[in-house]
>>> print(open('model08.cif').read())   # mmCIF, C-alpha atoms and all ligand atoms
data_protein
loop_
_atom_site.group_PDB
_atom_site.id
_atom_site.type_symbol
_atom_site.label_atom_id
_atom_site.label_comp_id
_atom_site.auth_asym_id
_atom_site.auth_seq_id
_atom_site.Cartn_x
_atom_site.Cartn_y
_atom_site.Cartn_z
ATOM 1 C CA MET A 285 98.520 63.576 6.088
ATOM 2 C CA GLN A 286 98.182 60.648 8.502
ATOM 3 C CA ALA A 287 94.977 58.638 8.186
ATOM 4 C CA GLN A 288 92.869 58.802 11.344
ATOM 5 C CA ARG A 289 92.092 55.449 12.960
ATOM 6 C CA VAL A 290 88.341 55.065 13.403
ATOM 7 C CA LEU A 291 87.224 52.656 16.109
ATOM 8 C CA PRO A 292 83.647 51.463 16.700
ATOM 9 C CA PRO A 293 82.133 53.769 19.404
ATOM 10 C CA GLY A 294 82.086 51.152 22.220
ATOM 11 C CA VAL A 295 85.658 49.976 21.527
ATOM 12 C CA GLY A 296 86.977 53.550 21.468
ATOM 13 C CA LEU A 297 85.456 54.314 24.855
ATOM 14 C CA ALA A 298 86.606 51.044 26.406
ATOM 15 C CA SER A 299 90.207 51.664 25.360
ATOM 16 C CA SER A 300 90.335 55.157 26.919
ATOM 17 C CA SER A 301 91.322 55.636 30.566
ATOM 18 C CA ILE A 302 87.929 57.022 31.526
ATOM 19 C CA GLY A 303 86.204 54.151 29.712
ATOM 20 C CA LYS A 304 88.272 51.649 31.700
ATOM 21 C CA LYS A 305 87.487 53.448 34.953
ATOM 22 C CA VAL A 306 83.766 53.296 34.115
ATOM 23 C CA ILE A 307 84.143 49.558 33.387
ATOM 24 C CA MET A 308 85.843 49.134 36.789
ATOM 25 C CA ALA A 309 83.091 51.109 38.541
ATOM 26 C CA VAL A 310 80.176 49.265 36.910
ATOM 27 C CA THR A 311 81.687 45.781 37.310
ATOM 28 C CA GLY A 312 82.664 46.651 40.905
ATOM 29 C CA LEU A 313 79.063 47.681 41.577
ATOM 30 C CA ILE A 314 77.823 44.312 40.275
ATOM 31 C CA TRP A 315 80.116 42.524 42.748
ATOM 32 C CA ILE A 316 79.131 44.874 45.583
ATOM 33 C CA GLY A 317 75.495 43.881 44.944
ATOM 34 C CA PHE A 318 76.474 40.210 45.019
ATOM 35 C CA VAL A 319 78.536 40.368 48.254
ATOM 36 C CA VAL A 320 75.817 42.321 50.097
ATOM 37 C CA PHE A 321 73.131 39.737 49.185
ATOM 38 C CA HIS A 322 75.483 36.805 49.798
ATOM 39 C CA MET A 323 76.441 38.127 53.233
ATOM 40 C CA TYR A 324 72.768 38.673 54.117
ATOM 41 C CA GLY A 325 71.849 35.193 52.840
ATOM 42 C CA ASN A 326 74.615 33.535 54.896
ATOM 43 C CA LEU A 327 73.132 34.927 58.115
ATOM 44 C CA LYS A 328 70.285 32.407 57.676
ATOM 45 C CA ILE A 329 72.698 29.899 59.231
ATOM 46 C CA PHE A 330 71.547 31.254 62.618
ATOM 47 C CA TRP A 331 68.005 30.038 61.873
ATOM 48 C CA GLY A 332 69.126 26.418 61.583
ATOM 49 C CA PRO A 333 69.804 23.737 58.955
ATOM 50 C CA GLU A 334 66.343 23.599 57.350
ATOM 51 C CA TYR A 335 66.130 27.313 56.776
ATOM 52 C CA PHE A 336 69.716 27.557 55.485
ATOM 53 C CA ASN A 337 69.447 24.563 53.150
ATOM 54 C CA GLU A 338 66.119 25.815 51.831
ATOM 55 C CA TYR A 339 67.760 29.144 50.992
ATOM 56 C CA SER A 340 70.727 27.406 49.354
ATOM 57 C CA SER A 341 68.549 25.132 47.212
ATOM 58 C CA GLY A 342 66.149 28.049 46.572
ATOM 59 C CA LEU A 343 68.993 29.797 44.716
ATOM 60 C CA ARG A 344 68.799 27.018 42.134
ATOM 61 C CA TYR A 345 65.078 27.659 41.561
ATOM 62 C CA LEU A 346 65.548 31.433 41.310
ATOM 63 C CA GLY A 347 63.077 33.003 38.858
ATOM 64 C CA GLY A 348 60.854 29.904 38.744
ATOM 65 C CA PRO A 349 58.515 28.831 37.326
ATOM 66 C CA ILE A 350 59.419 31.122 34.402
ATOM 67 C CA PHE A 351 63.072 30.051 34.554
ATOM 68 C CA GLY A 352 64.005 26.366 34.761
ATOM 69 C CA HIS A 353 66.230 24.762 37.447
ATOM 70 C CA THR A 354 69.547 26.745 37.796
ATOM 71 C CA HIS A 355 68.845 28.778 34.611
ATOM 72 C CA LEU A 356 68.670 32.202 36.263
ATOM 73 C CA LEU A 357 71.484 31.192 38.639
ATOM 74 C CA TRP A 358 73.653 30.507 35.587
ATOM 75 C CA VAL A 359 72.759 33.894 34.098
ATOM 76 C CA ALA A 360 73.866 35.502 37.391
ATOM 77 C CA ARG A 361 77.063 33.407 37.444
ATOM 78 C CA LEU A 362 77.929 34.402 33.853
ATOM 79 C CA VAL A 363 77.353 38.078 34.664
ATOM 80 C CA LEU A 364 79.628 37.746 37.734
ATOM 81 C CA ILE A 365 82.352 35.945 35.750
ATOM 82 C CA LEU A 366 82.229 38.513 32.941
ATOM 83 C CA ALA A 367 82.288 41.324 35.529
ATOM 84 C CA ILE A 368 85.389 39.952 37.298
ATOM 85 C CA VAL A 369 87.244 39.366 34.001
ATOM 86 C CA LEU A 370 86.533 42.943 32.829
ATOM 87 C CA HIS A 371 87.344 44.372 36.285
ATOM 88 C CA VAL A 372 90.772 42.690 36.376
ATOM 89 C CA TRP A 373 91.500 43.512 32.709
ATOM 90 C CA ALA A 374 90.674 47.219 33.202
ATOM 91 C CA ALA A 375 92.703 47.341 36.452
ATOM 92 C CA VAL A 376 95.793 45.766 34.867
ATOM 93 C CA SER A 377 95.683 47.954 31.769
ATOM 94 C CA LEU A 378 95.129 51.170 33.794
ATOM 95 C CA TYR A 379 98.087 50.197 35.992
ATOM 96 C CA GLN A 380 100.326 49.524 32.979
ATOM 97 C CA ARG A 381 99.282 52.801 31.349
ATOM 98 C CA ALA A 382 100.045 54.745 34.557
ATOM 99 C CA ARG A 383 103.473 53.088 34.834
ATOM 100 C CA THR A 384 104.530 53.925 31.270
ATOM 101 C CA ALA A 385 103.138 57.467 31.430
ATOM 102 C CA ARG A 386 104.700 58.361 34.768
ATOM 103 C CA PRO A 387 108.403 59.173 35.091
ATOM 104 C CA ARG A 388 110.286 57.304 37.832
ATOM 105 C CA SER A 389 111.055 60.423 39.902
ATOM 106 C CA TYR A 390 107.353 61.199 40.195
ATOM 107 C CA GLU A 391 106.693 57.698 41.407
ATOM 108 C CA MET A 392 109.210 58.217 44.210
ATOM 109 C CA HIS A 393 107.405 61.359 45.339
ATOM 110 C CA ARG A 394 103.948 59.961 45.543
ATOM 111 C CA THR A 395 102.358 60.516 48.902
ATOM 112 C CA LEU A 396 102.351 57.682 51.404
ATOM 113 C CA GLN A 397 98.565 57.743 51.526
ATOM 114 C CA ALA A 398 98.135 57.256 47.768
ATOM 115 C CA ASN A 399 100.666 54.429 47.895
ATOM 116 C CA TYR A 400 98.831 52.754 50.735
ATOM 117 C CA ALA A 401 95.479 52.906 48.894
ATOM 118 C CA ALA A 402 97.029 51.616 45.646
ATOM 119 C CA ILE A 403 98.798 48.763 47.434
ATOM 120 C CA THR A 404 95.734 47.625 49.402
ATOM 121 C CA ILE A 405 93.619 47.770 46.243
ATOM 122 C CA ARG A 406 96.144 45.877 44.082
ATOM 123 C CA TYR A 407 97.317 43.156 46.479
ATOM 124 C CA GLY A 408 93.954 43.010 48.248
ATOM 125 C CA GLY A 409 92.291 42.441 44.861
ATOM 126 C CA ALA A 410 94.646 39.524 44.178
ATOM 127 C CA VAL A 411 93.964 38.055 47.654
ATOM 128 C CA ILE A 412 90.171 38.248 47.038
ATOM 129 C CA PHE A 413 90.529 36.666 43.580
ATOM 130 C CA PHE A 414 92.474 33.653 44.911
ATOM 131 C CA PHE A 415 90.190 33.442 47.943
ATOM 132 C CA VAL A 416 87.104 33.119 45.677
ATOM 133 C CA LEU A 417 88.783 30.171 43.913
ATOM 134 C CA TYR A 418 89.592 28.559 47.284
ATOM 135 C CA HIS A 419 86.061 29.286 48.515
ATOM 136 C CA LEU A 420 84.475 27.625 45.466
ATOM 137 C CA MET A 421 86.685 24.537 45.931
ATOM 138 C CA HIS A 422 85.756 24.539 49.627
ATOM 139 C CA LEU A 423 81.991 25.140 49.722
ATOM 140 C CA THR A 424 80.625 24.860 46.171
ATOM 141 C CA TRP A 425 82.589 22.070 44.461
ATOM 142 C CA GLY A 426 83.735 20.282 47.632
ATOM 143 C CA VAL A 427 87.239 19.423 46.373
ATOM 144 C CA PRO A 428 88.270 16.512 48.711
ATOM 145 C CA VAL A 429 91.723 17.877 49.706
ATOM 146 C CA ILE A 430 90.026 21.059 50.949
ATOM 147 C CA HIS A 431 86.741 19.608 52.274
ATOM 148 C CA ASP A 432 86.828 15.872 53.047
ATOM 149 C CA GLN A 433 83.204 15.626 54.315
ATOM 150 C CA PHE A 434 81.378 17.420 51.490
ATOM 151 C CA HIS A 435 77.755 16.463 50.814
ATOM 152 C CA HIS A 436 76.042 17.930 47.752
ATOM 153 C CA GLY A 437 72.730 19.530 48.715
ATOM 154 C CA ASP A 438 73.625 19.947 52.406
ATOM 155 C CA ALA A 439 75.178 23.427 52.506
ATOM 156 C CA TYR A 440 74.551 23.701 56.269
ATOM 157 C CA SER A 441 76.706 20.746 57.279
ATOM 158 C CA ASN A 442 79.339 21.666 54.671
ATOM 159 C CA VAL A 443 79.676 25.140 56.218
ATOM 160 C CA LEU A 444 79.567 23.759 59.763
ATOM 161 C CA TYR A 445 82.270 21.156 59.185
ATOM 162 C CA GLY A 446 84.360 23.644 57.143
ATOM 163 C CA PHE A 447 84.573 26.201 59.949
ATOM 164 C CA GLN A 448 85.304 23.726 62.701
ATOM 165 C CA LYS A 449 88.801 23.797 61.189
ATOM 166 C CA ILE A 450 90.780 26.774 62.441
ATOM 167 C CA HIS A 451 92.920 27.115 59.295
ATOM 168 C CA ASN A 452 89.764 27.856 57.276
ATOM 169 C CA VAL A 453 88.669 30.476 59.787
ATOM 170 C CA ILE A 454 92.109 32.129 59.440
ATOM 171 C CA ILE A 455 91.961 32.044 55.613
ATOM 172 C CA TYR A 456 88.446 33.565 55.622
ATOM 173 C CA THR A 457 89.520 36.217 58.161
ATOM 174 C CA ILE A 458 92.389 37.346 55.915
ATOM 175 C CA ALA A 459 90.028 37.380 52.916
ATOM 176 C CA VAL A 460 87.335 39.504 54.592
ATOM 177 C CA ILE A 461 89.948 42.019 55.832
ATOM 178 C CA ALA A 462 91.208 42.326 52.230
ATOM 179 C CA LEU A 463 87.567 42.636 51.100
ATOM 180 C CA GLY A 464 86.898 45.429 53.614
ATOM 181 C CA LEU A 465 89.920 47.471 52.493
ATOM 182 C CA HIS A 466 89.097 46.852 48.838
ATOM 183 C CA LEU A 467 85.473 47.889 49.382
ATOM 184 C CA TYR A 468 86.524 51.078 51.171
ATOM 185 C CA HIS A 469 88.956 52.354 48.534
ATOM 186 C CA GLY A 470 87.040 50.815 45.632
ATOM 187 C CA THR A 471 83.667 52.302 46.573
ATOM 188 C CA TRP A 472 85.226 55.717 47.035
ATOM 189 C CA SER A 473 86.929 55.593 43.601
ATOM 190 C CA MET A 474 83.719 54.250 42.049
ATOM 191 C CA PHE A 475 81.796 57.315 43.246
ATOM 192 C CA GLN A 476 84.596 59.559 41.914
ATOM 193 C CA THR A 477 84.426 57.912 38.475
ATOM 194 C CA LEU A 478 80.641 58.033 38.302
ATOM 195 C CA GLY A 479 80.823 61.729 39.191
ATOM 196 C CA VAL A 480 78.756 61.383 42.365
ATOM 197 C CA ASN A 481 81.582 62.651 44.523
ATOM 198 C CA ASN A 482 82.181 66.370 44.901
ATOM 199 C CA ARG A 483 83.100 68.764 47.720
ATOM 200 C CA ASN A 484 79.626 68.692 49.258
ATOM 201 C CA SER A 485 79.107 64.978 49.104
ATOM 202 C CA ASP A 486 82.655 63.900 50.059
ATOM 203 C CA ARG A 487 81.794 63.166 53.707
ATOM 204 C CA LEU A 488 78.667 61.248 52.740
ATOM 205 C CA VAL A 489 80.557 59.184 50.155
ATOM 206 C CA ARG A 490 83.353 58.385 52.622
ATOM 207 C CA GLY A 491 80.736 57.464 55.236
ATOM 208 C CA LEU A 492 78.969 55.135 52.802
ATOM 209 C CA ALA A 493 82.247 53.520 51.753
ATOM 210 C CA LEU A 494 83.217 53.047 55.411
ATOM 211 C CA ALA A 495 79.804 51.596 56.350
ATOM 212 C CA LEU A 496 80.005 49.101 53.484
ATOM 213 C CA ALA A 497 83.623 48.232 54.340
ATOM 214 C CA LEU A 498 82.645 47.441 57.940
ATOM 215 C CA ILE A 499 79.178 45.864 57.624
ATOM 216 C CA VAL A 500 79.973 43.416 54.790
ATOM 217 C CA PRO A 501 83.157 41.870 56.301
ATOM 218 C CA LEU A 502 81.622 41.715 59.808
ATOM 219 C CA GLY A 503 78.446 40.115 58.435
ATOM 220 C CA PHE A 504 80.559 37.490 56.647
ATOM 221 C CA ILE A 505 83.026 36.721 59.427
ATOM 222 C CA ILE A 506 80.446 36.324 62.200
ATOM 223 C CA VAL A 507 79.491 32.957 60.629
ATOM 224 C CA PRO A 508 82.907 31.168 60.832
ATOM 225 C CA TYR A 509 83.624 32.487 64.373
ATOM 226 C CA SER A 510 80.148 31.519 65.646
ATOM 227 C CA ILE A 511 80.795 27.987 64.380
ATOM 228 C CA LEU A 512 84.369 27.809 65.683
ATOM 229 C CA PHE A 513 83.266 28.891 69.175
ATOM 230 C CA GLY A 514 80.275 26.544 69.184
ATOM 231 C CA PHE A 515 77.414 29.098 69.025
ATOM 232 C CA VAL A 516 76.153 27.352 65.878
ATOM 233 C CA SER A 517 76.204 23.565 65.925
HETATM 234 C C1 LIG A 601 82.380 33.577 55.815
HETATM 235 C C2 LIG A 601 81.979 33.935 54.713
HETATM 236 C C3 LIG A 601 81.269 33.112 53.668
HETATM 237 C C4 LIG A 601 80.455 32.004 53.781
HETATM 238 C C5 LIG A 601 80.023 31.276 55.044
HETATM 239 C C6 LIG A 601 80.063 31.643 52.442
HETATM 240 C C7 LIG A 601 79.247 30.578 52.116
HETATM 241 C C8 LIG A 601 79.006 30.109 50.844
HETATM 242 C C9 LIG A 601 78.316 28.885 50.502
HETATM 243 C C10 LIG A 601 77.716 27.900 51.505
HETATM 244 C C11 LIG A 601 78.300 28.784 49.157
HETATM 245 C C12 LIG A 601 77.722 27.632 48.317
HETATM 246 C C13 LIG A 601 76.263 27.831 48.110
HETATM 247 C C14 LIG A 601 75.704 26.599 47.462
HETATM 248 O O1 LIG A 601 76.285 26.128 46.463
HETATM 249 O O2 LIG A 601 74.694 26.119 47.936
HETATM 250 C C15 LIG A 601 78.981 29.945 48.604
HETATM 251 C C16 LIG A 601 79.139 30.220 47.273
HETATM 252 C C17 LIG A 601 79.785 31.323 46.773
HETATM 253 N N1 LIG A 601 80.405 32.333 47.500
HETATM 254 FE FE1 LIG A 601 80.484 32.445 49.508
HETATM 255 N N2 LIG A 601 80.617 32.537 51.555
HETATM 256 C C18 LIG A 601 81.369 33.442 52.262
HETATM 257 C C19 LIG A 601 82.103 34.501 51.765
HETATM 258 C C20 LIG A 601 82.195 34.828 50.427
HETATM 259 C C21 LIG A 601 82.901 35.980 49.910
HETATM 260 C C22 LIG A 601 83.635 37.003 50.776
HETATM 261 C C23 LIG A 601 82.750 35.955 48.556
HETATM 262 C C24 LIG A 601 83.268 36.897 47.488
HETATM 263 C C25 LIG A 601 84.108 37.866 47.648
HETATM 264 C C26 LIG A 601 81.978 34.786 48.219
HETATM 265 C C27 LIG A 601 81.656 34.387 46.943
HETATM 266 C C28 LIG A 601 80.961 33.245 46.623
HETATM 267 C C29 LIG A 601 80.672 32.808 45.260
HETATM 268 C C30 LIG A 601 81.106 33.520 43.979
HETATM 269 C C31 LIG A 601 79.929 31.618 45.358
HETATM 270 C C32 LIG A 601 79.378 30.759 44.210
HETATM 271 C C33 LIG A 601 77.916 31.091 43.987
HETATM 272 C C34 LIG A 601 77.348 30.162 42.929
HETATM 273 O O3 LIG A 601 77.795 30.258 41.789
HETATM 274 O O4 LIG A 601 76.494 29.346 43.255
HETATM 275 N N3 LIG A 601 81.645 34.137 49.386
HETATM 276 N N4 LIG A 601 79.389 30.732 49.664
#
>>> encode(input="model08.cif", output="structure tokens")
Amino acid sequence: MQAQRVLPPGVGLASSSIGKKVIMAVTGLIWIGFVVFHMYGNLKIFWGPEYFNEYSSGLRYLGGPIFGHTHLLWVARLVLILAIVLHVWAAVSLYQRARTARPRSYEMHRTLQANYAAITIRYGGAVIFFFVLYHLMHLTWGVPVIHDQFHHGDAYSNVLYGFQKIHNVIIYTIAVIALGLHLYHGTWSMFQTLGVNNRNSDRLVRGLALALALIVPLGFIIVPYSILFGFVS
């Protein structure tokens, strides 16, 4: 008789397909929370430099006086980094599992719609990942080849100068379109995985996914275009 392999409970769940889908849903939800607050926070640019810079430096004092300077911010950053690593890992391993399990002929017969969703999720996810790296080099670290007028502690003028360059506005436009598509399909699948979606709630879930996929990208992209066209200066 073959000995049964016993895995610790958490490891067993994480290695199953449903476990990986739950990991994708929970880590996706963490990032949804972040992008909604980040988008809302960015809109403070319309209130002027003092207000925006106060918000930006306020992030570093988050949780004070209980937490020290940048301590809670670092906790949030570590949670976000862990969430993205797990999200990508679960996505890649679910994709590989589906490829090995599925015969080629079936793949050919998949509906166009399913293909479209899978492609926007997969390539869109990669676009967002590389965009976040570019974005950090641009507005957080101020890497000179990407931002040659970066001043630490002056987020307002960094953003202003950054979006007076049309190539940045184009890069951010592509990224927020990818984000919108990813949010639409991702939010819908997240509800499926978490069991919220059923026949009765399908329209509501699709509506929520669509609202998120429109509001978040529009809220983000209004900032670069307002700067490019001189409404914020
Ligand atoms: C037009 C849209 C955006 C603008 C104007 C913007 C602006 C900024 C600024 C100014 C910072 C630096 C804050 C500081 O250090 O004081 C920042 C950080 C960041 N942004 Fe954005 N952002 C935009 C879109 C996005 C998107 C779409 C994402 C993710 C999908 C994102 C993810 C991040 C992350 C992860 C950080 C680093 C936060 C930290 O660790 O301090 N941003 N953003």
>>> residues_near_ligand(input="model08.cif", ligand="ligand LIG 601 (chain A)", cutoff="7 Å", atoms="all atoms listed in the file", output="PyMOL selection string")
chain A and resi 319+322-323+326+340-341+361+412+416+419-420+423-424+437+439+443+456+459-460+463+504-505+507-508
>>> atom_distance(input="model08.cif", atom1="atom CA of His435 of chain A", atom2="atom CA of Asn452 of chain A")
17.8 Å
>>> closest_residue(input="model08.cif", among="A:Asn399, A:Ser300, A:Asn442, A:Thr471", to="Phe336 of chain A", atoms="only C-alpha atoms")
A:Asn442
>>> atom_distance(input="model08.cif", atom1="atom CA of Phe413 of chain A", atom2="atom CA of Val372 of chain A")
9.4 Å
>>> resolve_selection(input="model08.cif", expression="the PyMOL selection byres (((chain A and resi 434) around 12) and not hetatm)", output="list in words")
Met421, His422, Leu423, Thr424, Trp425, Gly426, Val427, Pro428, Val429, Ile430, His431, Asp432, Gln433, His435, His436, Gly437, Asp438, Ala439, Tyr440, Ser441, Asn442, Val443, Leu444, Tyr445 and Gly446 of chain A
>>> closest_residue(input="model08.cif", among="A:Gly409, A:Gly491, A:Gly470, A:Pro333", to="Lys305 of chain A", atoms="all atoms listed in the file")
A:Gly470
>>> resolve_selection(input="model08.cif", expression="the PyMOL selection byres (((chain A and resi 510) around 12) and not hetatm)", output="PyMOL selection string")
chain A and resi 327+329-330+443-444+447-448+453+502-509+511-517
>>> atom_distance(input="model08.cif", atom1="atom CA of Ile455 of chain A", atom2="atom CA of Pro501 of chain A")
13.2 Å
>>> residues_around(input="model08.cif", residues="Tyr345 of chain A", least_positions_apart="5", cutoff="10 Å", atoms="all atoms listed in the file", output="list in words")
Tyr339, Ser340, Ile350, Phe351, Gly352, His353, Thr354, His355, Leu356 and Leu357 of chain A
>>> axis_aligned_box(input="model08.cif", around="segment 331-335 of chain A", padding_each_side="3 Å", output="AutoDock Vina command-line options")
--center_x 68.0 --center_y 26.8 --center_z 59.3 --size_x 9.7 --size_y 12.4 --size_z 11.1
>>> resolve_selection(input="model08.cif", expression="the PyMOL selection byres (((chain A and resi 473) around 12) and not hetatm)", output="PyMOL selection string")
chain A and resi 305-306+308-310+312-313+401-402+405+466-472+474-482+486+489-490+493
>>> closest_residue(input="model08.cif", among="A:Leu378, A:Leu494, A:Val369, A:Val500", to="Gly317 of chain A", atoms="all atoms listed in the file")
A:Val500
